[in-house]
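Reproduced below: model_1.cif, with mmCIF, C-alpha atoms.
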```cif
data_data
loop_
_atom_site.label_atom_id
_atom_site.label_comp_id
_atom_site.auth_asym_id
_atom_site.auth_seq_id
_atom_site.Cartn_x
_atom_site.Cartn_y
_atom_site.Cartn_z
CA MET A 290 113.01 -167.11 46.31
CA THR A 291 116.15 -167.28 44.18
CA ASP A 292 116.00 -166.59 40.42
CA ASP A 293 119.15 -168.63 39.84
CA TYR A 294 117.64 -171.55 37.92
CA PRO A 295 119.86 -173.14 35.29
CA ASN A 296 118.60 -173.31 31.70
CA VAL A 297 120.66 -176.42 30.96
CA GLN A 298 121.17 -179.06 33.62
CA PRO A 299 124.89 -179.77 34.17
CA ILE A 300 124.33 -183.41 35.20
CA PRO A 301 122.14 -185.84 33.18
CA ALA A 302 118.99 -186.83 35.06
CA ASN A 303 119.85 -190.54 34.63
CA ASN A 304 123.34 -190.24 36.14
CA PRO A 305 123.68 -193.25 38.50
CA GLU A 306 125.69 -191.14 40.96
CA LEU A 307 122.79 -188.77 41.69
CA ARG A 308 121.26 -188.81 45.16
CA SER A 309 118.17 -187.06 46.52
CA TRP A 310 117.46 -185.22 49.73
CA VAL A 311 114.27 -187.34 49.87
CA GLU A 312 115.73 -190.17 51.91
CA SER A 313 113.34 -192.90 50.74
CA ALA A 314 114.46 -192.27 47.13
CA ASP A 315 117.89 -193.67 47.97
CA GLU A 316 116.64 -196.81 49.70
CA HIS A 317 117.56 -200.15 48.17
CA GLY A 318 114.82 -201.61 45.99
CA THR A 319 112.70 -198.49 45.65
CA ASP A 320 110.83 -198.20 42.37
CA PHE A 321 111.23 -194.44 42.34
CA PRO A 322 114.82 -193.25 42.80
CA ILE A 323 115.81 -189.83 41.48
CA GLN A 324 116.85 -191.48 38.19
CA ASN A 325 113.21 -192.43 37.48
CA LEU A 326 110.88 -189.47 38.19
CA PRO A 327 107.70 -190.83 36.56
CA PHE A 328 104.68 -188.58 36.07
CA GLY A 329 101.19 -189.23 37.40
CA VAL A 330 98.04 -187.57 38.71
CA PHE A 331 97.00 -187.59 42.36
CA ASN A 332 94.54 -186.20 44.88
CA ARG A 333 95.57 -185.19 48.36
CA THR A 334 93.42 -186.87 50.99
CA GLY A 335 92.48 -186.07 54.58
CA ASP A 336 92.60 -182.56 55.98
CA HIS A 337 94.64 -181.28 53.03
CA ALA A 338 92.28 -182.55 50.32
CA ASP A 339 92.82 -180.62 47.12
CA LYS A 340 91.99 -180.72 43.42
CA PRO A 341 93.80 -183.32 41.28
CA ALA A 342 97.28 -182.31 40.18
CA VAL A 343 100.20 -183.68 38.20
CA GLY A 344 103.00 -185.02 40.36
CA VAL A 345 106.26 -186.92 40.18
CA ALA A 346 107.00 -190.02 42.27
CA ILE A 347 110.18 -189.81 44.36
CA GLY A 348 110.77 -192.60 46.87
CA ASP A 349 107.60 -192.92 48.94
CA MET A 350 106.65 -189.28 48.28
CA ILE A 351 105.02 -187.25 45.51
CA LEU A 352 106.34 -183.90 44.36
CA ASP A 353 103.30 -181.70 43.65
CA LEU A 354 104.27 -179.95 40.42
CA ALA A 355 101.32 -177.55 40.57
CA LYS A 356 102.49 -176.26 43.94
CA CYS A 357 106.05 -176.05 42.60
CA TRP A 358 104.80 -173.92 39.71
CA ASN A 359 102.97 -171.64 42.13
CA ALA A 360 106.28 -171.19 43.93
CA ASP A 361 107.91 -170.09 40.65
CA LEU A 362 110.15 -173.17 40.45
CA PHE A 363 109.69 -173.71 36.70
CA LYS A 364 111.23 -170.49 35.43
CA ASN A 365 113.31 -170.93 32.27
CA THR A 366 111.47 -174.11 31.33
CA PRO A 367 108.70 -174.79 28.77
CA ALA A 368 106.23 -174.70 31.70
CA GLN A 369 107.01 -171.19 32.92
CA GLN A 370 104.14 -169.43 31.09
CA ALA A 371 101.24 -171.62 32.26
CA ASN A 372 100.59 -174.03 35.09
CA LEU A 373 100.34 -177.26 33.11
CA PHE A 374 100.21 -179.26 36.33
CA ALA A 375 97.01 -177.99 37.96
CA HIS A 376 94.99 -180.47 35.94
CA HIS A 377 93.31 -183.84 36.34
CA SER A 378 95.51 -185.31 33.59
CA CYS A 379 98.96 -185.15 32.02
CA ASN A 380 97.51 -184.31 28.59
CA SER A 381 98.56 -180.65 28.53
CA LEU A 382 102.05 -181.60 29.66
CA ALA A 383 102.34 -184.36 27.04
CA ALA A 384 101.18 -182.01 24.27
CA LEU A 385 104.45 -180.08 24.70
CA GLY A 386 106.25 -183.00 23.09
CA ARG A 387 108.89 -185.30 24.44
CA ALA A 388 111.83 -182.88 24.10
CA ARG A 389 110.13 -180.20 26.21
CA VAL A 390 108.91 -182.72 28.76
CA ARG A 391 112.55 -183.77 29.06
CA GLU A 392 113.48 -180.21 30.08
CA ILE A 393 110.78 -180.24 32.76
CA ARG A 394 111.96 -183.62 34.05
CA GLU A 395 115.50 -182.23 34.24
CA ARG A 396 114.27 -179.29 36.31
CA VAL A 397 112.48 -181.70 38.67
CA SER A 398 115.67 -183.72 38.95
CA TRP A 399 117.64 -180.60 39.84
CA LEU A 400 115.10 -179.62 42.51
CA LEU A 401 115.28 -183.06 44.13
CA ARG A 402 119.05 -183.51 44.12
CA SER A 403 120.80 -183.73 47.44
CA ASP A 404 122.94 -180.66 46.66
CA THR A 405 120.04 -178.36 45.65
CA PRO A 406 118.83 -176.33 48.67
CA THR A 407 115.71 -174.76 47.11
CA LEU A 408 113.25 -177.28 48.56
CA ARG A 409 115.63 -179.17 50.81
CA ASP A 410 116.25 -176.21 53.13
CA ASP A 411 112.85 -174.50 53.03
CA ALA A 412 110.61 -176.44 55.43
CA SER A 413 107.48 -174.45 54.63
CA LEU A 414 107.85 -174.79 50.87
CA ARG A 415 108.80 -178.45 51.20
CA GLU A 416 105.65 -179.15 53.23
CA ARG A 417 103.48 -177.55 50.53
CA CYS A 418 105.15 -179.32 47.62
CA LEU A 419 105.91 -182.78 48.97
CA VAL A 420 103.11 -185.24 49.69
CA PRO A 421 103.47 -188.70 51.26
CA MET A 422 102.04 -191.36 48.94
CA SER A 423 100.16 -192.70 51.95
CA GLU A 424 98.21 -189.42 52.02
CA ALA A 425 97.31 -189.39 48.33
CA THR A 426 94.91 -191.14 45.97
CA LEU A 427 96.39 -191.95 42.59
CA GLU A 428 94.28 -191.30 39.50
CA THR A 429 94.38 -192.38 35.87
CA PRO A 430 97.31 -190.32 34.56
CA PHE A 431 95.72 -189.28 31.25
CA GLU A 432 92.37 -188.42 29.82
CA ILE A 433 92.56 -191.18 27.23
CA GLY A 434 90.89 -190.35 23.94
CA ASP A 435 91.77 -193.54 22.08
CA TYR A 436 93.17 -196.93 23.02
CA THR A 437 94.73 -199.44 20.63
CA ASP A 438 95.79 -202.92 21.71
CA PHE A 439 98.39 -204.73 19.66
CA TYR A 440 99.38 -208.41 19.46
CA ALA A 441 103.12 -207.84 19.43
CA SER A 442 104.51 -210.94 21.21
CA ALA A 443 105.14 -213.72 18.71
CA ASN A 444 105.49 -216.25 21.54
CA HIS A 445 101.98 -215.44 22.77
CA ALA A 446 100.51 -215.42 19.26
CA ALA A 447 102.14 -218.77 18.47
CA ASN A 448 100.87 -220.37 21.69
CA VAL A 449 97.32 -219.24 20.98
CA GLY A 450 97.66 -220.49 17.41
CA ARG A 451 98.84 -223.91 18.57
CA MET A 452 95.86 -224.20 20.89
CA PHE A 453 93.22 -223.25 18.36
CA ARG A 454 94.87 -224.31 15.09
CA PRO A 455 96.89 -227.38 16.09
CA ASP A 456 97.15 -228.71 12.53
CA GLY A 457 98.27 -225.53 10.82
CA ASP A 458 100.80 -222.71 11.07
CA PRO A 459 100.34 -221.19 14.54
CA LEU A 460 100.89 -217.69 13.17
CA LEU A 461 98.56 -216.21 10.58
CA PRO A 462 100.18 -215.14 7.27
CA ASN A 463 100.24 -211.41 8.09
CA TYR A 464 101.76 -211.68 11.57
CA LYS A 465 105.44 -211.20 10.70
CA HIS A 466 104.73 -208.49 8.14
CA LEU A 467 102.82 -205.96 10.25
CA PRO A 468 101.96 -205.16 13.89
CA VAL A 469 98.48 -206.66 14.31
CA GLY A 470 96.13 -204.66 16.55
CA TYR A 471 92.56 -203.68 17.30
CA HIS A 472 90.87 -200.57 18.66
CA GLY A 473 89.99 -201.00 22.34
CA ARG A 474 87.63 -199.16 24.67
CA ALA A 475 89.17 -196.07 26.30
CA SER A 476 86.20 -195.41 28.58
CA SER A 477 86.77 -198.56 30.64
CA ILE A 478 90.48 -198.02 31.33
CA VAL A 479 90.97 -197.75 35.11
CA VAL A 480 93.86 -197.07 37.44
CA SER A 481 95.54 -199.75 39.52
CA GLY A 482 93.53 -200.86 42.54
CA THR A 483 90.14 -200.41 40.90
CA PRO A 484 87.95 -203.55 41.33
CA ILE A 485 87.00 -205.43 38.15
CA ARG A 486 83.46 -206.78 38.08
CA ARG A 487 83.05 -210.14 36.38
CA PRO A 488 81.23 -209.37 33.12
CA HIS A 489 78.16 -210.97 31.61
CA GLY A 490 78.25 -212.09 28.03
CA GLN A 491 76.85 -214.35 25.36
CA LEU A 492 78.36 -217.81 25.79
CA LYS A 493 78.26 -220.68 23.31
CA PRO A 494 78.82 -224.23 24.60
CA ASP A 495 80.20 -226.60 21.97
CA ASP A 496 77.05 -228.75 21.96
CA ALA A 497 74.24 -226.28 22.76
CA PRO A 498 72.73 -222.95 21.65
CA PRO A 499 74.19 -219.71 23.03
CA THR A 500 73.17 -218.46 26.46
CA PHE A 501 73.65 -215.19 28.35
CA GLY A 502 75.27 -215.12 31.79
CA PRO A 503 78.40 -214.37 33.83
CA CYS A 504 81.75 -215.03 32.17
CA ARG A 505 83.21 -218.33 33.36
CA LEU A 506 86.68 -218.02 31.82
CA LEU A 507 87.95 -214.69 33.11
CA ASP A 508 91.60 -214.01 32.30
CA HIS A 509 94.33 -211.43 32.70
CA GLU A 510 96.83 -210.26 30.10
CA LEU A 511 100.31 -209.10 31.06
CA GLU A 512 101.11 -206.10 28.85
CA ILE A 513 103.05 -202.87 28.69
CA GLY A 514 101.56 -199.65 27.37
CA CYS A 515 102.84 -196.53 25.64
CA PHE A 516 101.29 -193.09 26.15
CA ILE A 517 101.57 -190.67 23.23
CA ALA A 518 103.05 -187.20 23.74
CA SER A 519 102.68 -184.91 20.74
CA GLY A 520 100.64 -186.52 17.98
CA ASN A 521 100.28 -186.00 14.23
CA GLU A 522 97.78 -184.24 12.01
CA ARG A 523 95.15 -186.37 10.32
CA GLY A 524 96.32 -187.35 6.85
CA THR A 525 100.01 -187.38 7.84
CA ARG A 526 102.26 -190.24 8.93
CA ILE A 527 104.83 -190.58 11.70
CA ASP A 528 108.09 -191.91 10.31
CA VAL A 529 109.42 -194.89 12.24
CA ASN A 530 112.65 -192.98 12.95
CA ASP A 531 110.69 -190.09 14.43
CA ALA A 532 108.32 -192.26 16.47
CA PRO A 533 110.33 -192.18 19.75
CA GLY A 534 109.89 -188.41 19.80
CA HIS A 535 106.13 -188.94 20.06
CA VAL A 536 106.33 -191.21 23.13
CA PHE A 537 105.57 -189.71 26.54
CA GLY A 538 106.23 -192.85 28.57
CA ILE A 539 105.48 -196.45 29.51
CA VAL A 540 103.04 -198.07 31.94
CA LEU A 541 102.04 -201.59 32.94
CA VAL A 542 98.75 -202.87 31.53
CA ASN A 543 96.33 -205.69 32.37
CA ASP A 544 93.83 -206.09 29.54
CA TRP A 545 91.25 -208.26 31.32
CA SER A 546 89.63 -210.78 28.96
CA ALA A 547 86.47 -212.90 28.97
CA ARG A 548 87.75 -215.91 27.05
CA ASP A 549 84.41 -217.69 26.66
CA VAL A 550 82.78 -214.53 25.34
CA GLN A 551 85.78 -213.98 23.07
CA LYS A 552 85.62 -217.49 21.62
CA TRP A 553 82.02 -217.00 20.41
CA GLU A 554 82.26 -213.42 19.16
CA TYR A 555 85.78 -213.41 17.71
CA VAL A 556 84.86 -214.42 14.14
CA PRO A 557 84.67 -212.45 11.87
CA LEU A 558 85.70 -209.06 13.31
CA GLY A 559 87.76 -209.89 16.39
CA PRO A 560 87.56 -208.72 20.04
CA PHE A 561 84.56 -206.72 21.20
CA ASN A 562 82.63 -207.36 24.44
CA ALA A 563 85.27 -209.83 25.62
CA LYS A 564 87.68 -206.91 26.03
CA ASN A 565 85.60 -203.79 26.68
CA PHE A 566 84.67 -204.16 30.36
CA GLY A 567 87.97 -203.25 32.00
CA THR A 568 91.65 -202.52 31.33
CA THR A 569 93.89 -201.69 34.29
CA ILE A 570 97.00 -199.50 34.05
CA SER A 571 99.67 -198.56 36.56
CA PRO A 572 99.41 -194.94 37.80
CA TRP A 573 102.99 -193.77 37.18
CA VAL A 574 104.20 -193.14 33.62
CA VAL A 575 107.93 -193.87 33.27
CA THR A 576 109.40 -191.63 30.58
CA LEU A 577 111.32 -192.98 27.64
CA ASP A 578 114.26 -190.86 28.83
CA ALA A 579 114.28 -192.56 32.24
CA LEU A 580 114.35 -195.88 30.37
CA ALA A 581 117.35 -194.85 28.25
CA PRO A 582 119.81 -197.17 30.07
CA TYR A 583 117.44 -200.09 29.50
CA ARG A 584 116.72 -199.71 25.80
CA ARG A 585 118.39 -201.67 23.03
CA PRO A 586 117.46 -203.35 19.74
CA LEU A 587 115.16 -206.35 19.93
CA PRO A 588 116.85 -209.70 19.29
CA ALA A 589 117.50 -210.53 15.65
CA ARG A 590 114.55 -212.13 13.92
CA PRO A 591 114.75 -215.88 13.39
CA ALA A 592 116.34 -217.06 10.16
CA GLY A 593 113.78 -217.11 7.38
CA ASP A 594 111.54 -214.41 8.85
CA PRO A 595 110.75 -211.59 6.41
CA ALA A 596 112.48 -208.26 6.86
CA PRO A 597 110.07 -205.47 7.79
CA LEU A 598 108.93 -203.29 4.92
CA PRO A 599 110.88 -200.00 4.62
CA TYR A 600 108.30 -197.93 6.52
CA LEU A 601 108.76 -200.31 9.49
CA SER A 602 112.57 -200.47 9.26
CA PRO A 603 114.35 -197.86 11.40
CA ASP A 604 117.83 -196.65 10.53
CA PRO A 605 120.36 -198.93 12.27
CA LYS A 606 121.88 -196.10 14.32
CA SER A 607 118.62 -194.32 15.14
CA GLU A 608 116.91 -194.11 18.50
CA ALA A 609 114.01 -196.02 16.95
CA GLU A 610 116.26 -199.03 16.40
CA ALA A 611 116.98 -199.16 20.15
CA MET A 612 113.33 -199.39 21.22
CA GLY A 613 113.48 -202.83 22.79
CA LEU A 614 112.67 -202.37 26.49
CA GLU A 615 114.55 -204.39 29.11
CA ILE A 616 111.65 -204.38 31.56
CA GLN A 617 111.42 -207.43 33.82
CA LEU A 618 107.74 -208.26 34.19
CA GLU A 619 106.07 -210.40 36.89
CA VAL A 620 102.52 -211.55 37.59
CA PHE A 621 101.32 -212.37 41.11
CA LEU A 622 98.05 -213.97 42.17
CA GLU A 623 96.36 -213.76 45.57
CA SER A 624 93.10 -215.60 46.24
CA ALA A 625 90.54 -214.63 48.89
CA GLN A 626 91.54 -217.70 50.89
CA MET A 627 95.21 -216.71 50.67
CA ARG A 628 94.37 -213.31 52.15
CA GLU A 629 92.35 -214.89 54.96
CA ARG A 630 95.20 -217.25 55.79
CA LYS A 631 97.79 -214.47 55.35
CA PHE A 632 99.69 -216.08 52.50
CA ASP A 633 101.76 -213.74 50.36
CA PRO A 634 100.73 -213.40 46.72
CA VAL A 635 102.40 -216.08 44.61
CA ARG A 636 104.28 -215.34 41.40
CA ILE A 637 102.66 -217.28 38.57
CA SER A 638 104.66 -216.00 35.59
CA HIS A 639 107.36 -213.64 34.42
CA SER A 640 108.60 -212.29 31.10
CA SER A 641 110.45 -209.34 29.59
CA GLY A 642 109.73 -206.40 27.34
CA MET A 643 112.40 -207.89 25.09
CA ASP A 644 109.98 -210.74 24.33
CA LEU A 645 108.09 -208.52 21.87
CA TYR A 646 108.39 -209.04 18.10
CA TRP A 647 107.46 -205.43 17.26
CA THR A 648 108.59 -202.24 19.03
CA PHE A 649 106.41 -199.28 19.95
CA ALA A 650 108.21 -197.26 17.25
CA GLN A 651 107.01 -199.77 14.66
CA MET A 652 103.52 -199.84 16.16
CA ILE A 653 103.30 -196.04 15.95
CA ALA A 654 104.60 -195.99 12.37
CA HIS A 655 102.09 -198.65 11.31
CA HIS A 656 99.19 -197.08 13.23
CA THR A 657 99.70 -193.77 11.43
CA SER A 658 100.63 -195.25 8.04
CA THR A 659 97.08 -194.58 6.80
CA GLY A 660 97.14 -191.00 8.02
CA CYS A 661 95.41 -191.89 11.28
CA ASN A 662 96.00 -189.09 13.78
CA LEU A 663 97.33 -189.93 17.24
CA ARG A 664 96.74 -187.39 20.01
CA PRO A 665 98.37 -186.59 23.36
CA GLY A 666 97.24 -189.15 25.91
CA ASP A 667 96.36 -191.90 23.45
CA LEU A 668 97.33 -195.32 24.78
CA LEU A 669 98.93 -198.09 22.73
CA ALA A 670 99.32 -201.45 24.47
CA SER A 671 101.63 -204.26 23.44
CA GLY A 672 99.28 -207.20 23.79
CA THR A 673 100.16 -210.14 26.05
CA VAL A 674 103.92 -210.40 26.63
CA SER A 675 105.04 -214.04 26.77
CA GLY A 676 108.48 -215.64 26.74
CA VAL A 677 109.46 -219.01 25.32
CA ASN A 678 109.20 -221.05 28.54
CA GLU A 679 106.06 -222.31 30.26
CA ASP A 680 106.51 -220.04 33.30
CA GLU A 681 106.89 -217.04 30.98
CA ARG A 682 103.35 -217.13 29.61
CA GLY A 683 101.47 -213.89 30.14
CA CYS A 684 97.86 -215.06 30.66
CA MET A 685 95.92 -217.91 32.23
CA LEU A 686 94.85 -219.18 28.80
CA GLU A 687 98.50 -219.95 28.04
CA LEU A 688 99.66 -220.80 31.56
CA THR A 689 97.03 -223.50 32.01
CA TRP A 690 96.83 -224.38 28.32
CA ARG A 691 93.06 -223.77 28.12
CA GLY A 692 92.59 -225.16 31.63
CA GLN A 693 94.36 -228.49 31.11
CA ASN A 694 97.20 -227.66 33.54
CA PRO A 695 95.78 -225.61 36.44
CA VAL A 696 97.96 -223.22 38.46
CA GLN A 697 98.49 -224.57 41.99
CA LEU A 698 98.19 -222.13 44.89
CA PRO A 699 99.81 -222.56 48.34
CA THR A 700 96.40 -223.04 49.99
CA GLY A 701 95.77 -226.16 47.91
CA GLU A 702 93.46 -224.28 45.57
CA GLU A 703 93.96 -224.44 41.83
CA ARG A 704 93.15 -221.99 39.07
CA LYS A 705 92.29 -222.68 35.46
CA PHE A 706 91.01 -219.10 35.11
CA LEU A 707 90.39 -216.30 37.62
CA ALA A 708 87.86 -216.68 40.45
CA ASP A 709 85.86 -214.04 42.31
CA GLY A 710 88.00 -212.54 45.06
CA ASP A 711 91.26 -213.15 43.19
CA ARG A 712 93.64 -210.20 43.16
CA LEU A 713 95.98 -210.05 40.18
CA VAL A 714 99.13 -207.92 40.46
CA ILE A 715 101.55 -207.03 37.66
CA LYS A 716 104.94 -205.58 38.56
CA GLY A 717 107.81 -204.36 36.42
CA HIS A 718 111.31 -203.09 36.98
CA CYS A 719 114.59 -202.47 35.15
CA CYS A 720 117.96 -203.40 36.61
CA LYS A 721 121.42 -203.76 35.10
CA GLU A 722 125.05 -203.18 36.02
CA GLY A 723 126.06 -199.55 35.73
CA ALA A 724 122.53 -198.17 36.09
CA VAL A 725 120.15 -197.57 38.99
CA ARG A 726 117.16 -199.89 39.37
CA ILE A 727 113.87 -198.23 38.46
CA GLY A 728 110.34 -199.59 38.70
CA PHE A 729 106.77 -198.97 37.64
CA GLY A 730 104.82 -199.55 40.86
CA GLU A 731 101.88 -201.96 40.76
CA CYS A 732 99.15 -202.65 38.25
CA SER A 733 96.56 -204.49 40.31
CA GLY A 734 92.89 -205.34 40.37
CA MET A 735 90.55 -207.60 42.32
CA VAL A 736 87.79 -209.61 40.67
CA THR A 737 84.36 -208.96 42.17
CA PRO A 738 81.25 -211.08 41.50
CA ALA A 739 78.95 -210.44 38.55
CA GLU A 740 75.79 -208.50 39.38
#
```

Let me see whether you can do it: turn the structure in this file into structure tokens.
Amino acid sequence: MTDDYPNVQPIPANNPELRSWVESADEHGTDFPIQNLPFGVFNRTGDHADKPAVGVAIGDMILDLAKCWNADLFKNTPAQQANLFAHHSCNSLAALGRARVREIRERVSWLLRSDTPTLRDDASLRERCLVPMSEATLETPFEIGDYTDFYASANHAANVGRMFRPDGDPLLPNYKHLPVGYHGRASSIVVSGTPIRRPHGQLKPDDAPPTFGPCRLLDHELEIGCFIASGNERGTRIDVNDAPGHVFGIVLVNDWSARDVQKWEYVPLGPFNAKNFGTTISPWVVTLDALAPYRRPLPARPAGDPAPLPYLSPDPKSEAEAMGLEIQLEVFLESAQMRERKFDPVRISHSSGMDLYWTFAQMIAHHTSTGCNLRPGDLLASGTVSGVNEDERGCMLELTWRGQNPVQLPTGEERKFLADGDRLVIKGHCCKEGAVRIGFGECSGMVTPAE
């Protein structure tokens, strides 16, 4: 095995001219070209079943980083002293901090480039280190200690306000001054493909006492999530300009919601049981560095909106200012009857990461403004991402306007909220001239009946 590993990569990992010796990584429309290289955790299945390990998605394959480390392929990187990849989570890797993770990603890029022979020309080593996705089970990428869900899309917040407060200001007085959020339930976060059981809850009809039974108004929420890399000590704050350095990467999120339970419990302390039964995330974490070509400042705030307070105002030329994410988001719905009749899932809405009012840098700065300590693997979610148009609404509550305008399916069925057997799929990708398209894979879940 050669010792000739470069300390500094001569070609940026996002260079659109790069090609991989993994043929599927160069196919049109793939989510995982060599310019992406998202991290995740997987199990080998079948005859080669093994312990969970950290891997990188490349085309329709997974590069097993634990096996690469065993083959001494991470010399001269922050991972050379210890195998950070032979774990059931990315937490140890994330704890290195974003700058060191960048070095590791650059080494992975070098190993996968079409002109690097190390793996390309060693059939035995390649067989040990490269796993077809079809022969792997994807796991939750982090051991998540804490989960915070924000409410960062003003379009979504305004729509909800118009529904429930039609005679007043749709946005509450604090909305444009701080990123509103609540602490979610980390224990019920699951990876894409995990079934979601319809929850029970306390329900309160308008004209009767409360009852207990299965949720009737089950909903999805189209969101994006941010995993924390290195955190901060309790009692300290993360400056908004430094916040991007604490971001490991981005995933897709579906924060399933029981709207009838939520309506009854919401006052005075906000979401609780309506949100704690299941949150689905996509398995591959796309790094902030892979998203570099697709980041820019959010659109200017509307005239008359207050300027953020100084601790939420990044320097104009800082990386934190360019934390708007040009991620094209789509939601697809497939009913049980559609599957039986072999209909393709139907797209019911779409929006963009640029539809947020607050960036993840601002969310991190506000979250830690009290001295709250974030830790590697903590998850921050954006809240429902909705655009300005009717087909850009990120949940059934908005799409159907509390059930008044049901979604029509190609089988003739209609949906006011989600039914048992429905499969909800969120997809996301980035695409622009001068850069290579990258994607996030799927964030999906099927609703199963209440017990």

- Neighbour list for stretch 486-488 of chain A as a ChimeraX atom specification, cut-off 10 Å, all atoms listed in the file, skip fewer than 4 positions in-chain: /A:502-507,545-547,550,562-567,707-709,734-740

- Message: Please list as JSON, numbers by chain every residue within 8 Å of stretch 704-706 of chain A, counting only C-alpha atoms and excluding residues in the same chain fewer than 2 positions away.
- Response: {"A": [506, 507, 508, 685, 686, 689, 691, 692, 693, 694, 695, 696, 697, 698, 702, 708]}

- Query: Could you write out as an MDAnalysis selection string the residues that the PyMOL selection byres ((chain A and resi 664) around 9) matches in the shown file?
  - Reply: chainID A and resid 384 434:435 517:522 662:663 665:667

Output of the PyMOL selection byres ((chain A and resi 643) around 7), listed as a PDB file with C-alpha atoms, keeping the file's coordinate frame:
```pdb
ATOM      1  CA  LEU A 587     115.160-206.350  19.930  1.00  0.00           C
ATOM      2  CA  GLY A 613     113.480-202.830  22.790  1.00  0.00           C
ATOM      3  CA  LEU A 614     112.670-202.370  26.490  1.00  0.00           C
ATOM      4  CA  GLU A 615     114.550-204.390  29.110  1.00  0.00           C
ATOM      5  CA  SER A 641     110.450-209.340  29.590  1.00  0.00           C
ATOM      6  CA  GLY A 642     109.730-206.400  27.340  1.00  0.00           C
ATOM      7  CA  ASP A 644     109.980-210.740  24.330  1.00  0.00           C
ATOM      8  CA  LEU A 645     108.090-208.520  21.870  1.00  0.00           C
TER       9      LEU A 645
END
```

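Each of A:Asn303, A:Thr437, A:Thr334, A:Ser381 was checked against A:Phe537 using all atoms listed in the file; the smallest atom-to-atom distance is that of A:Ser381.
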
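Nearest residue to A:Ser477 among A:Ile570, A:Leu373, A:Ala412, A:Cys515 is A:Ile570, counting all atoms listed in the file.
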
- Determine the residue set returned by the PyMOL selection byres ((chain A and resi 527) around 8) for the present structure, and present it as a VMD selection string. chain A and resid 521 525 to 526 528 to 529 531 to 532 653 to 654 657 to 658

- Write out as number ranges by chain which residues come within 7 Å of stretch 399-402 of chain A when counting only C-alpha atoms, dropping same-chain ones fewer than 6 positions away. A: 307-310, 408

- Query: Any idea what's packed within 10 Å of A:Ala724, counting all atoms listed in the file, ignoring anything in its chain fewer than 4 positions away? Could you give it as number ranges by chain?
  - Reply: A: 303-306, 324, 581-583, 719-720

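Excluding stretch 341-346 of chain A itself and same-chain residues fewer than 5 positions from it, the residues having an atom within 7 Å of it are A:Phe321, A:Leu326, A:Pro327, A:Phe328, A:Gly329, A:Val330, A:Phe331, A:Asn332, A:Ile351, A:Leu352, A:Asp353, A:Leu354, A:Ala355, A:Phe374, A:Ala375, A:His376, A:His377, A:Ser378, A:Cys379, counting only C-alpha atoms.
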
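For the pair atom CA of A:Phe439 and atom CA of A:Asp680, the interatomic distance is 22.1 Å.
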
- Minimum-distance residue to A:Glu629, chosen among A:Ser571, A:Thr700, A:Thr659, A:Ser602 (using all atoms listed in the file): A:Thr700

- Task: List the residues sitting within 12 Å of (104.5, -181.0, 51.8) in the file's frame, using all atoms listed in the file, as number ranges by chain.
- Result: A: 311, 333, 337, 350-354, 356-357, 408-409, 411-422, 424-425

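With atom CA of A:Thr569 on one side and atom CA of A:Arg712 on the other, the separation reads 12.3 Å.
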
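Atom pair atom CA of A:Ala611 / atom CA of A:Ser481 has a distance of 28.9 Å (rounded to one decimal).
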
- Query: With distances taken over only C-alpha atoms, which of A:Asn359, A:Asn530, A:Ser671, A:Gln617 is nearest to A:Lys721?
  - Reply: A:Gln617

- So which residues are close to (112.6, -218.8, 22.9), meaning at most 12 Å away in the file's coordinates with only C-alpha atoms counted, and can you show them as an MDAnalysis selection string? chainID A and resid 442:445 447:448 588 590:591 640:641 643:646 675:679 681:682
